[in-house]
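Peer 1: First the structure, which I've put down as C-alpha cells, then a few questions once you've had a look.
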Amino acid sequence: MEQREVPGDAVMTRIGQAIMLLHAGDREEARNRFGIIWSEIGEGAALHRCTLAHYMADTQDDPGDELAWDLRALTAAEGLTGAVGTDPGAEHRDATAVRALVPSLHLNLAADYLKLQHFESARIHLDRAWDAVGVLEDDGYGGGIRAAIGRMEQRMRGSAAGE
C-alpha cells in the first residue's frame with residue numbers, strides 16, 4: 001500500500017519508518033514501534049490510528065489478534081469518514097486518504113475471517129471491498145488492490161467448494 005503522508009506530520013513519518021521495518025522483514029521491531037506509537041497517540045488523529053492499526057495487524061502471529069487490529073483500523077476509518085467510503089462531502093483533510101484505504105481494510109478483514117473459517121463474515125467484507133474500489137485511482141495502488149480482491153475472490157470460491 002502506498003503511504004500518503006501529510007507534510008510535516010511527524011507521527012506519520014514514524015509510522016512510515018515502522019512500515020519500512022515491517023517490509024524489510026523485521027516484524028518484531030515493527031510491532032514494538034507500532035505499539036509505542038499507538039500508546040502515544042491514544043484517541044489521536046483517525047488517519048494515524050487507521051494507518052497504524054492497518055499495519056499492526058500484519059505484525060501479528062495470532063489470526064484473532066490480526067482480526068482485532070484490522071477491526072480497529074476500520075473503526076478509525078469509520079470515525080473519520082462517517083459511512084465509510086460513501087461521504088463525498090467530508091471536509092476533513094484526511095478523509096480522502098482514509099477512503100482510499102477502505103477497500104484494503106475490507107480485503108484484510110475478509111482474509112482474517114477466512115483464516116478463522118468464518119466464511120459468511122469473509123464474504124461480507126469481500127463484497128464491501130468490491131463495493132469500495134470505485135474510490136481508487138487507476139494507478140499502481142488501485143490496480144494492486146483490485147487484483148488482490150480478485151485473488152481473494154478466487155480463494156473464497158475455493159474455500160466454499162471445499163466446505
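Labeling convention for the C-alpha cells: chains A, B, ... as they appear, residues from 1 per chain, ligands from 1 in order of appearance.
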Any chance you could list, as a ChimeraX atom specification, the residues in chain A that come up alpha helix (DSSP H) when DSSP is run on the backbone?

Peer 2: /A:10-23,27-41,46-56,63-81,95-115,119-132,140-161

Peer 1: Any idea what's packed within 9 Å of Ile145 in chain A, counting only C-alpha atoms, ignoring anything in its chain fewer than 4 positions away? Could you give it as a PyMOL selection string?

Peer 2: chain A and resi 1+103-104+107+133+136+140-141+149-150

Peer 1: Let me see the file: selected residues, C-alpha atoms, as a CSV table (one decimal), in the first residue's frame.

Peer 2:
```csv
chain,number,residue,atom,x,y,z
A,1,MET,CA,0.0,0.0,0.0
A,103,PRO,CA,-11.1,-1.4,0.0
A,104,SER,CA,-7.8,-2.7,1.5
A,107,LEU,CA,-9.9,-7.1,2.0
A,133,VAL,CA,-13.0,0.0,-5.1
A,136,LEU,CA,-9.4,4.0,-6.1
A,140,GLY,CA,-0.4,1.0,-9.3
A,141,TYR,CA,-2.0,1.1,-5.9
A,149,ILE,CA,-9.5,-8.5,-4.2
A,150,GLY,CA,-9.8,-10.7,-7.3
```

Peer 1: If you take only C-alpha atoms and a cut-off of 8 Å, which residues of range 90-109 of chain A touch range 68-77 of chain A, and what are their nearest atom pairs and distances in Å to one decimal, in chain and number order, as CSV?

Peer 2:
```
residue,atom,partner,partner_atom,distance
A:Val98,CA,A:Ala77,CA,6.0
A:Arg99,CA,A:Ala77,CA,7.5
A:Val102,CA,A:Ala77,CA,7.4
A:Leu105,CA,A:Leu74,CA,6.3
A:His106,CA,A:Leu74,CA,7.8
A:Asn108,CA,A:Asp70,CA,6.9
A:Leu109,CA,A:Asp70,CA,6.3
```

Peer 1: Considering only C-alpha atoms, state which residue in the set A:Leu52, A:Ala110, A:Ala46, A:Ala18 is at the smallest distance from Ala148 in chain A.

Peer 2: A:Ala110

Peer 1: Which residues are close to Arg27 in chain A, i.e. within 12 Å by only C-alpha atoms, leaving aside same-chain residues fewer than 3 positions away? Reply as a PyMOL selection string.

Peer 2: chain A and resi 18-24+30-35+55-61

Peer 1: Name all residues at most 12 Å from Glu120 in chain A (count only C-alpha atoms; drop same-chain ones fewer than 2 positions away) and give them as a ChimeraX atom specification.

Peer 2: /A:109-114,116-118,122-127,156,159-160

Peer 1: For CA of Arg49 in chain A and CA of Glu28 in chain A, determine how far apart the two atoms are, in Å to one decimal place.

Peer 2: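 Separation of CA of Arg49 in chain A and CA of Glu28 in chain A: 19.2 Å.
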